[in-house]
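Chemist: Please see the structure below; I have some questions.
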Amino acid sequence: MSVDNETVRRAAKLARIAVADEDVPGLAKELSSILDWVEQLSEVDVEGVEPMTSVTPMDLKRRTDEVTDGGIQDKILANAPDAREGFFAVPKVVE
Amino acid sequence: MDELSSMTIAEARDRLRARDVTSREITEACLSEIESASALNAVVTSTPDKALEMADAADAALAAGDAPALAGIPLGVKDVFCTEGVRSQAASAILEDFTPTYESTVTAKLWDAGAVHLGKLNMDEFAMGSSTEHTCYGACVSPWRRAGDTAPITAGGSSGGSAAAVAAGLCLGATGTDTGGSIRQPAAFTGTTGIKPTYGRCSRWGIIAYASSLDQAGPIARSVRDCAILLGAMAGHDPKDSTSADLAVPDFEAALTEDLRGKRIGLPKEYGEGLGAEMQATWDKGAEMLRDAGAEVVEISLPHTKYALPAYYIIAPAEASSNLARYDGVRYGYRAELAQGDGIVEMYERTRAEGFGKEVQRRVLVGAYVLSAGYYDAYYLRAQRVRTLIKRDFEAAFEGVDAILAPATPGPAFGLGEMEGDPVQMYLQDVFTVTLNLAGLPGLSVPVTLASNGLPLGLQIIGKAWDEAGILGVGHALEARAGFTAKPERWW
């Protein structure tokens with residue numbers, strides 16, 4: 001098994017997903033089965049092959065550096081779970 | 001099925017223009033079919049008032065004689081498209097009641113072309129899945145059933161709601177998105193037709209992102225011609241998506257042909273390895289039909305085919321873990337209840353644990369892991385190198401052929417719940433479709449026949465980059481010879 005419980009906890013922390021202790025072994029098993037399966041990529045000879053960065057190569061277009069929108073505070077806050085006085089409200093960020 | 005709601009788009013367009021039927025009549029027929037099809041769970045948000053208002057506007061334009069291309073054609077929209085003022089949550093609880101204040105470019109183009117918005121369609125959460133079972137709305141059920149059996153069947157995924165709605169006659173066509181096969185596999189499972197265009201053909205602006213280097217929008221409809229009509233309206237450059245190509249959109253419908261003389265079609269020999277007898281026979285039959293249309297059919301090789309799925313299951317989760325970082329309980333959607341003393345990290349972690357479904361969590365965790373320090377080179381970078389090799393396979397093959405004919409899926413649709421418990425088994429459903437997303441190429445799924453269990457089987461035509469017109473032409477010839485007219489028997 002390529003993924004142990006500690007690795008699951010580390011990935012969950014990186015992904016900011018709370019994982020209950022009792023769910024860790026099950027996830028370790030699932031992630032292992034996925035990662036053991038993708039392991040077959042190690043048999044491909046990729047020496048000297050450039051990693052893909054753009055699937056349909058094209059030059060990015062340039063545009064004038066100017067403000068084209070704005071003034072839509074109401075729209076931006078419209079779906080917020082908690083918005084107050086024109087701001088997104090969140091719990092305490094610093095101790 | 002109501003006769004008006006199960007017309008092709010081409011037929012409806014002609015009848016609307018002949019003033020033989022009104023958009024209101026077609027729209028009302030669709031709305032009534034939607035109302036009575038709740039057992040399919042294909043439509044998750046219905047917008048009847050908006051639809052009738054748009055239908056009346058289309059009827060007025062048709063009467064005045066200045067109607068745009070899709071005037072009065074009622075369509076369904078996959079829940080992954082942001083639609084202004086209409087709930088759009090990509091079938092995720094984390095986007096609970098998200099109501100965009102803007103419209104995606106693709107849907108805006110459809111409404112500008114006069115189409116009528118019937119409502120939003122079920123899908124796998126964030127387009128991650130092949131069965132439309134991983135959805136906060138509950139599983140979508142195919143209108144199709146196995147012969148002599150009442151067990152519920154999947155409409156495929158992730159655009160399962162789009163495919164089910166088109167197959168059941170709830171709308172005339174629908175939008176979908178395809179990251180690893182999510183348009184072509186549902187189309188094949190439901191006897192409908194779907195095209196994933198070249199990466200960059202349609203704007204991704206306003207489409208809730210899964211894996212940005214692979215995602216493309218496209219239509220699911222009842223014929224190759226209908227796909228050509230819809231794609232023509234959906235495609236085109238958009239300054240708001242820097243990866244959308246600044247290329248003229250061809251007249252796809254005008255390019256439809258039934259004459260394939262002078263065309264060479266490739267059959268990739270690797271796609272036959274381990275293929276079931278029934279699908280192999282369907283593929284052979286398809287090749288024969290293309291020969292009959294005048295094409296020369298030759299064997300080709302795409303040597304890295306078997307590595308496409310494993311590469312996809314590194315690249316897509318990696319991009320997803322990055323894209324889905326935005327769901328933090330701050331700006332939109334769901335926020336978990338917090339306990340006394342909880343800070344912002346607890347808010348993020350609980351919101352994401354409660355808001356994301358199991359499959360999404362699995363992929364985000366895989367993505368976070370393969371991108372993490374010490375593993376990035378071994379997984380992500382290697383997968384992107386393999387992706388280059390897969391694209392080179394296609395480039396080499398296309399030096400000798402104009403298009404490729406392949407199975408769309410390993411077999412007919414499976415039953416709901418049959419793939420539970422083993423994520424890799426479900427992933428293998430996409431073995432014939434995912435290669436195109438990695439190479440950015442267009443693919444068209446066309447229904448060809450019924451399997452012995454009574455469910456549809458489809459074939460896929462793969463084209464060179466930007467040659468949607470070419471594969472629509474090949475698909476049109478295949479469709480004419482396959483003569484697939486089977487419809488699901490109504491049980492819902």
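Chain lettering (A, B, ...) mirrors the order of the structure tokens, residue numbering begins at 1 for each chain separately, and ligand numbering begins at 1 in order of display.
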With only C-alpha atoms as the counted atoms, please give the residues lying no more than 9 Å from Thr193 in chain B, apart from itself and same-chain residues fewer than 6 positions off, as a ChimeraX atom specification.
Modeler: /B:163,183-184,187,219-224,226-227,444-447,458
Chemist: For range 17-25 of chain A, list every protein, DNA or RNA residue within 8 Å, evaluated using only C-alpha atoms, and leave out those in the same chain fewer than 6 positions away; present the list as a PyMOL selection string.
Modeler: (chain A and resi 4-5+8-9) or (chain B and resi 348-353+361)
Chemist: Those residues with N, CA, C and O atoms, as a PDB file, in the first residue's frame please?
Modeler:
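Saved as again.pdb:
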ATOM      1  N   ASP A   4      -0.077   5.678   3.509  1.00  0.00           N
ATOM      2  CA  ASP A   4      -0.391   5.303   4.893  1.00  0.00           C
ATOM      3  C   ASP A   4      -1.280   6.382   5.536  1.00  0.00           C
ATOM      4  O   ASP A   4      -1.584   7.401   4.929  1.00  0.00           O
ATOM      5  N   ASN A   5      -1.677   6.102   6.783  1.00  0.00           N
ATOM      6  CA  ASN A   5      -2.603   7.014   7.463  1.00  0.00           C
ATOM      7  C   ASN A   5      -2.020   8.417   7.598  1.00  0.00           C
ATOM      8  O   ASN A   5      -2.728   9.415   7.445  1.00  0.00           O
ATOM      9  N   VAL A   8      -2.402  10.382   4.427  1.00  0.00           N
ATOM     10  CA  VAL A   8      -3.779  10.864   4.240  1.00  0.00           C
ATOM     11  C   VAL A   8      -3.991  12.128   5.065  1.00  0.00           C
ATOM     12  O   VAL A   8      -4.544  13.124   4.581  1.00  0.00           O
ATOM     13  N   ARG A   9      -3.537  12.108   6.311  1.00  0.00           N
ATOM     14  CA  ARG A   9      -3.720  13.282   7.185  1.00  0.00           C
ATOM     15  C   ARG A   9      -2.997  14.496   6.607  1.00  0.00           C
ATOM     16  O   ARG A   9      -3.508  15.616   6.639  1.00  0.00           O
TER      17      ARG A   9
ATOM     18  N   TYR B 348     -12.722  26.558   7.130  1.00  0.00           N
ATOM     19  CA  TYR B 348     -12.362  25.980   5.827  1.00  0.00           C
ATOM     20  C   TYR B 348     -12.527  24.457   5.852  1.00  0.00           C
ATOM     21  O   TYR B 348     -13.149  23.862   4.967  1.00  0.00           O
ATOM     22  N   GLU B 349     -11.928  23.831   6.861  1.00  0.00           N
ATOM     23  CA  GLU B 349     -11.843  22.365   6.860  1.00  0.00           C
ATOM     24  C   GLU B 349     -13.210  21.711   7.026  1.00  0.00           C
ATOM     25  O   GLU B 349     -13.498  20.698   6.396  1.00  0.00           O
ATOM     26  N   ARG B 350     -14.062  22.306   7.878  1.00  0.00           N
ATOM     27  CA  ARG B 350     -15.385  21.712   8.077  1.00  0.00           C
ATOM     28  C   ARG B 350     -16.309  22.014   6.905  1.00  0.00           C
ATOM     29  O   ARG B 350     -17.106  21.169   6.480  1.00  0.00           O
ATOM     30  N   THR B 351     -16.200  23.231   6.361  1.00  0.00           N
ATOM     31  CA  THR B 351     -17.024  23.599   5.207  1.00  0.00           C
ATOM     32  C   THR B 351     -16.741  22.649   4.043  1.00  0.00           C
ATOM     33  O   THR B 351     -17.666  22.130   3.403  1.00  0.00           O
ATOM     34  N   ARG B 352     -15.468  22.374   3.807  1.00  0.00           N
ATOM     35  CA  ARG B 352     -15.096  21.524   2.676  1.00  0.00           C
ATOM     36  C   ARG B 352     -15.408  20.049   2.938  1.00  0.00           C
ATOM     37  O   ARG B 352     -15.781  19.315   2.014  1.00  0.00           O
ATOM     38  N   ALA B 353     -15.287  19.627   4.209  1.00  0.00           N
ATOM     39  CA  ALA B 353     -15.622  18.241   4.548  1.00  0.00           C
ATOM     40  C   ALA B 353     -17.126  17.991   4.403  1.00  0.00           C
ATOM     41  O   ALA B 353     -17.551  16.943   3.935  1.00  0.00           O
ATOM     42  N   GLN B 361     -13.943  14.745  -2.775  1.00  0.00           N
ATOM     43  CA  GLN B 361     -12.906  14.754  -1.733  1.00  0.00           C
ATOM     44  C   GLN B 361     -11.737  13.853  -2.125  1.00  0.00           C
ATOM     45  O   GLN B 361     -10.572  14.194  -1.956  1.00  0.00           O
TER      46      GLN B 361
END
Chemist: Which residues come within 10 Å of range 60-62 of chain A, counting only C-alpha atoms, excluding same-chain residues fewer than 3 positions away, as a PyMOL selection string?
Modeler: (chain A and resi 57+65) or (chain B and resi 239+242-246)
Chemist: When you get a sec, could you note down which chain A residues fall within 8 Å of chain B, using only C-alpha atoms, as a count of residues only?
Modeler: 46
Chemist: Name the residues of range 36-88 of chain A that come out as strand (DSSP E) in a backbone DSSP run; write them as a list in words.
Modeler: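 Everything in range 36-88 of chain A that counts as strand (DSSP E) is Ala83, Arg84, Phe87 and Phe88 of chain A.
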Chemist: At what distance in Å, to one decimal, does CA of His237 in chain B lie from CA of Asp59 in chain A?
Modeler: 13.5 Å
Chemist: Could you give me the residues within range 241-418 of chain B that DSSP places in alpha helix (DSSP H), as a ChimeraX atom specification?
Modeler: /B:277-292,308-323,344-355,358-370,382-397
Chemist: For Gly454 in chain B, find every residue with an atom within 12 Å (counting only C-alpha atoms), except residues of its own chain fewer than 2 positions away, and show them as a PyMOL selection string.
Modeler: chain B and resi 144-149+153+189-191+411-413+449-452+456-457+486-489
Chemist: Between CA of Ala403 in chain B and CA of Ile471 in chain B, what is the spacing in Å?
Modeler: 6.7 Å
Chemist: Can you tell me, as a JSON list (two decimals) with N, CA and C atoms, in the first residue's frame, what residues are no more than 9 Å from range 280-293 of chain B when counting only C-alpha atoms, ignoring any on the same chain fewer than 6 positions away?
Modeler:
[["chain", "number", "residue", "atom", "x", "y", "z"],
["B", 258, "GLU", "N", -22.43, 13.06, -46.98],
["B", 258, "GLU", "CA", -22.54, 11.61, -46.82],
["B", 258, "GLU", "C", -21.55, 10.90, -47.73],
["B", 259, "ASP", "N", -20.75, 11.71, -48.40],
["B", 259, "ASP", "CA", -19.81, 11.15, -49.36],
["B", 259, "ASP", "C", -18.41, 11.23, -48.79],
["B", 260, "LEU", "N", -17.83, 10.07, -48.48],
["B", 260, "LEU", "CA", -16.50, 10.05, -47.86],
["B", 260, "LEU", "C", -15.43, 9.61, -48.85],
["B", 261, "ARG", "N", -15.72, 9.67, -50.16],
["B", 261, "ARG", "CA", -14.71, 9.25, -51.14],
["B", 261, "ARG", "C", -13.45, 10.09, -50.98],
["B", 265, "ILE", "N", -9.78, 6.67, -43.04],
["B", 265, "ILE", "CA", -10.22, 6.56, -41.64],
["B", 265, "ILE", "C", -9.34, 5.52, -40.94],
["B", 267, "LEU", "N", -8.32, 2.98, -37.73],
["B", 267, "LEU", "CA", -8.83, 2.21, -36.59],
["B", 267, "LEU", "C", -7.63, 1.90, -35.69],
["B", 272, "GLY", "N", -8.63, -2.16, -29.55],
["B", 272, "GLY", "CA", -9.29, -3.46, -29.63],
["B", 272, "GLY", "C", -8.84, -4.43, -28.55],
["B", 405, "LEU", "N", -11.90, 6.18, -36.26],
["B", 405, "LEU", "CA", -13.15, 5.60, -35.76],
["B", 405, "LEU", "C", -12.80, 4.67, -34.59],
["B", 406, "ALA", "N", -13.51, 4.83, -33.48],
["B", 406, "ALA", "CA", -13.20, 4.06, -32.27],
["B", 406, "ALA", "C", -14.49, 3.81, -31.49],
["B", 407, "PRO", "N", -14.48, 2.83, -30.59],
["B", 407, "PRO", "CA", -15.64, 2.69, -29.70],
["B", 407, "PRO", "C", -15.75, 3.95, -28.83],
["B", 448, "VAL", "N", -25.14, 3.75, -32.80],
["B", 448, "VAL", "CA", -25.05, 2.87, -33.97],
["B", 448, "VAL", "C", -26.05, 1.71, -33.91],
["B", 449, "THR", "N", -26.18, 1.11, -32.72],
["B", 449, "THR", "CA", -27.02, -0.08, -32.65],
["B", 449, "THR", "C", -27.46, -0.32, -31.21],
["B", 451, "ALA", "N", -27.37, -3.08, -28.07],
["B", 451, "ALA", "CA", -26.71, -4.29, -27.60],
["B", 451, "ALA", "C", -27.76, -5.38, -27.39],
["B", 457, "LEU", "N", -25.50, 1.31, -28.13],
["B", 457, "LEU", "CA", -24.04, 1.30, -28.25],
["B", 457, "LEU", "C", -23.65, 2.39, -29.25],
["B", 458, "GLY", "N", -22.58, 3.12, -28.94],
["B", 458, "GLY", "CA", -22.17, 4.20, -29.83],
["B", 458, "GLY", "C", -20.72, 4.09, -30.26],
["B", 459, "LEU", "N", -20.41, 4.72, -31.36],
["B", 459, "LEU", "CA", -19.02, 4.81, -31.82],
["B", 459, "LEU", "C", -18.59, 6.27, -31.79],
["B", 474, "VAL", "N", -18.05, 12.86, -41.26],
["B", 474, "VAL", "CA", -17.93, 11.40, -41.13],
["B", 474, "VAL", "C", -19.09, 10.86, -40.29],
["B", 477, "ALA", "N", -22.30, 10.59, -42.23],
["B", 477, "ALA", "CA", -22.31, 9.42, -43.12],
["B", 477, "ALA", "C", -22.58, 8.15, -42.31],
["B", 478, "LEU", "N", -21.96, 8.05, -41.13],
["B", 478, "LEU", "CA", -22.16, 6.89, -40.27],
["B", 478, "LEU", "C", -23.62, 6.81, -39.80],
["B", 481, "ARG", "N", -26.06, 5.58, -42.38],
["B", 481, "ARG", "CA", -26.00, 4.14, -42.65],
["B", 481, "ARG", "C", -26.43, 3.30, -41.45],
["B", 482, "ALA", "N", -26.15, 3.81, -40.24],
["B", 482, "ALA", "CA", -26.54, 3.05, -39.04],
["B", 482, "ALA", "C", -28.06, 3.07, -38.88]]
Chemist: Which polymer residues have any atom within 10 Å of an atom of Ala235 in chain B, counting only C-alpha atoms, with same-chain residues fewer than 3 positions away left out, as a VMD selection string?
Modeler: chain B and resid 105 to 106 109 to 110 197 200 to 203 217 to 218 230 to 232 238 244 to 245 247 to 250
Chemist: Mind writing the picked residues with N, CA, C and O atoms as a compact mmCIF listing (two decimals), in the first residue's frame?
Modeler:
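File produced: again-v7.txt:
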# COMPACT_ATOMS: atom_id res chain seq x y z
N THR B 105 -20.43 32.51 -21.08
CA THR B 105 -20.35 32.94 -22.48
C THR B 105 -21.13 31.99 -23.39
O THR B 105 -21.89 32.43 -24.26
N VAL B 106 -20.97 30.67 -23.17
CA VAL B 106 -21.64 29.70 -24.05
C VAL B 106 -23.17 29.84 -23.97
O VAL B 106 -23.85 29.89 -25.00
N LYS B 109 -24.39 33.02 -25.61
CA LYS B 109 -24.43 32.89 -27.08
C LYS B 109 -25.69 32.17 -27.54
O LYS B 109 -26.29 32.52 -28.55
N LEU B 110 -26.07 31.12 -26.79
CA LEU B 110 -27.28 30.38 -27.15
C LEU B 110 -28.52 31.26 -27.04
O LEU B 110 -29.40 31.25 -27.91
N PRO B 197 -15.78 19.50 -28.73
CA PRO B 197 -14.95 20.17 -29.73
C PRO B 197 -13.48 20.25 -29.31
O PRO B 197 -13.11 19.82 -28.22
N GLY B 200 -10.40 24.88 -26.74
CA GLY B 200 -10.26 26.26 -27.20
C GLY B 200 -11.35 26.70 -28.18
O GLY B 200 -11.43 27.87 -28.52
N ARG B 201 -12.18 25.74 -28.63
CA ARG B 201 -13.23 26.09 -29.60
C ARG B 201 -14.35 26.88 -28.90
O ARG B 201 -14.90 27.83 -29.44
N CYS B 202 -14.71 26.45 -27.68
CA CYS B 202 -15.75 27.15 -26.91
C CYS B 202 -15.10 27.84 -25.71
O CYS B 202 -14.16 27.32 -25.11
N SER B 203 -15.64 28.96 -25.35
CA SER B 203 -15.15 29.68 -24.17
C SER B 203 -15.50 28.91 -22.90
O SER B 203 -16.60 28.39 -22.77
N ALA B 217 -16.77 22.68 -23.46
CA ALA B 217 -18.22 22.58 -23.58
C ALA B 217 -18.59 22.04 -24.95
O ALA B 217 -17.83 22.19 -25.91
N GLY B 218 -19.75 21.43 -25.04
CA GLY B 218 -20.26 20.96 -26.33
C GLY B 218 -21.71 20.54 -26.16
O GLY B 218 -22.22 20.49 -25.05
N LEU B 230 -26.00 23.37 -33.01
CA LEU B 230 -25.75 23.88 -31.67
C LEU B 230 -24.30 24.32 -31.49
O LEU B 230 -24.02 25.37 -30.91
N LEU B 231 -23.36 23.49 -31.98
CA LEU B 231 -21.96 23.84 -31.81
C LEU B 231 -21.64 25.17 -32.50
O LEU B 231 -20.89 26.00 -31.96
N GLY B 232 -22.25 25.39 -33.66
CA GLY B 232 -22.04 26.65 -34.37
C GLY B 232 -22.43 27.85 -33.53
O GLY B 232 -21.77 28.90 -33.58
N ASP B 238 -13.54 34.31 -27.24
CA ASP B 238 -14.07 35.13 -26.16
C ASP B 238 -12.89 35.79 -25.45
O ASP B 238 -12.03 35.09 -24.91
N SER B 244 -9.44 30.47 -25.32
CA SER B 244 -10.37 30.27 -26.45
C SER B 244 -9.70 30.82 -27.71
O SER B 244 -9.07 31.87 -27.68
N ALA B 245 -9.84 30.05 -28.79
CA ALA B 245 -9.06 30.35 -29.98
C ALA B 245 -9.70 31.46 -30.81
O ALA B 245 -10.91 31.46 -31.01
N LEU B 247 -10.28 31.98 -33.86
CA LEU B 247 -10.41 31.39 -35.20
C LEU B 247 -11.86 31.55 -35.63
O LEU B 247 -12.77 31.50 -34.80
N ALA B 248 -12.03 31.72 -36.93
CA ALA B 248 -13.40 31.81 -37.44
C ALA B 248 -14.12 30.49 -37.19
O ALA B 248 -13.51 29.41 -37.27
N VAL B 249 -15.40 30.55 -36.84
CA VAL B 249 -16.18 29.34 -36.65
C VAL B 249 -16.77 28.93 -38.00
O VAL B 249 -17.51 29.70 -38.61
N PRO B 250 -16.41 27.74 -38.49
CA PRO B 250 -16.93 27.33 -39.80
C PRO B 250 -18.44 27.09 -39.75
O PRO B 250 -19.00 26.94 -38.67
Chemist: Report the distance between CA of Pro74 in chain B and CA of Val21 in chain B in Å, rounded to one decimal place.
Modeler: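 Separating CA of Pro74 in chain B from CA of Val21 in chain B is a distance of 13.3 Å.
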Chemist: Mind checking which residues fall within 9 Å of Thr305 in chain B, counting only C-alpha atoms, ignoring those fewer than 4 positions away in the same chain, and posting them as an mmCIF file with C-alpha atoms, in the first residue's frame?
Modeler:
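Result went into out.cif, see below:
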data_model
loop_
_atom_site.group_PDB
_atom_site.id
_atom_site.type_symbol
_atom_site.label_atom_id
_atom_site.label_comp_id
_atom_site.auth_asym_id
_atom_site.auth_seq_id
_atom_site.Cartn_x
_atom_site.Cartn_y
_atom_site.Cartn_z
ATOM 1 C CA GLU B 270 -4.715 -0.656 -29.287
ATOM 2 C CA TYR B 271 -8.421 0.124 -28.771
ATOM 3 C CA LEU B 309 -6.163 7.050 -18.071
ATOM 4 C CA ILE B 390 -0.087 10.802 -26.271
ATOM 5 C CA ASP B 393 0.791 9.529 -31.119
ATOM 6 C CA VAL B 431 -10.654 4.505 -21.549
ATOM 7 C CA PHE B 432 -11.629 5.443 -25.143
ATOM 8 C CA THR B 435 -7.148 10.292 -24.732
#
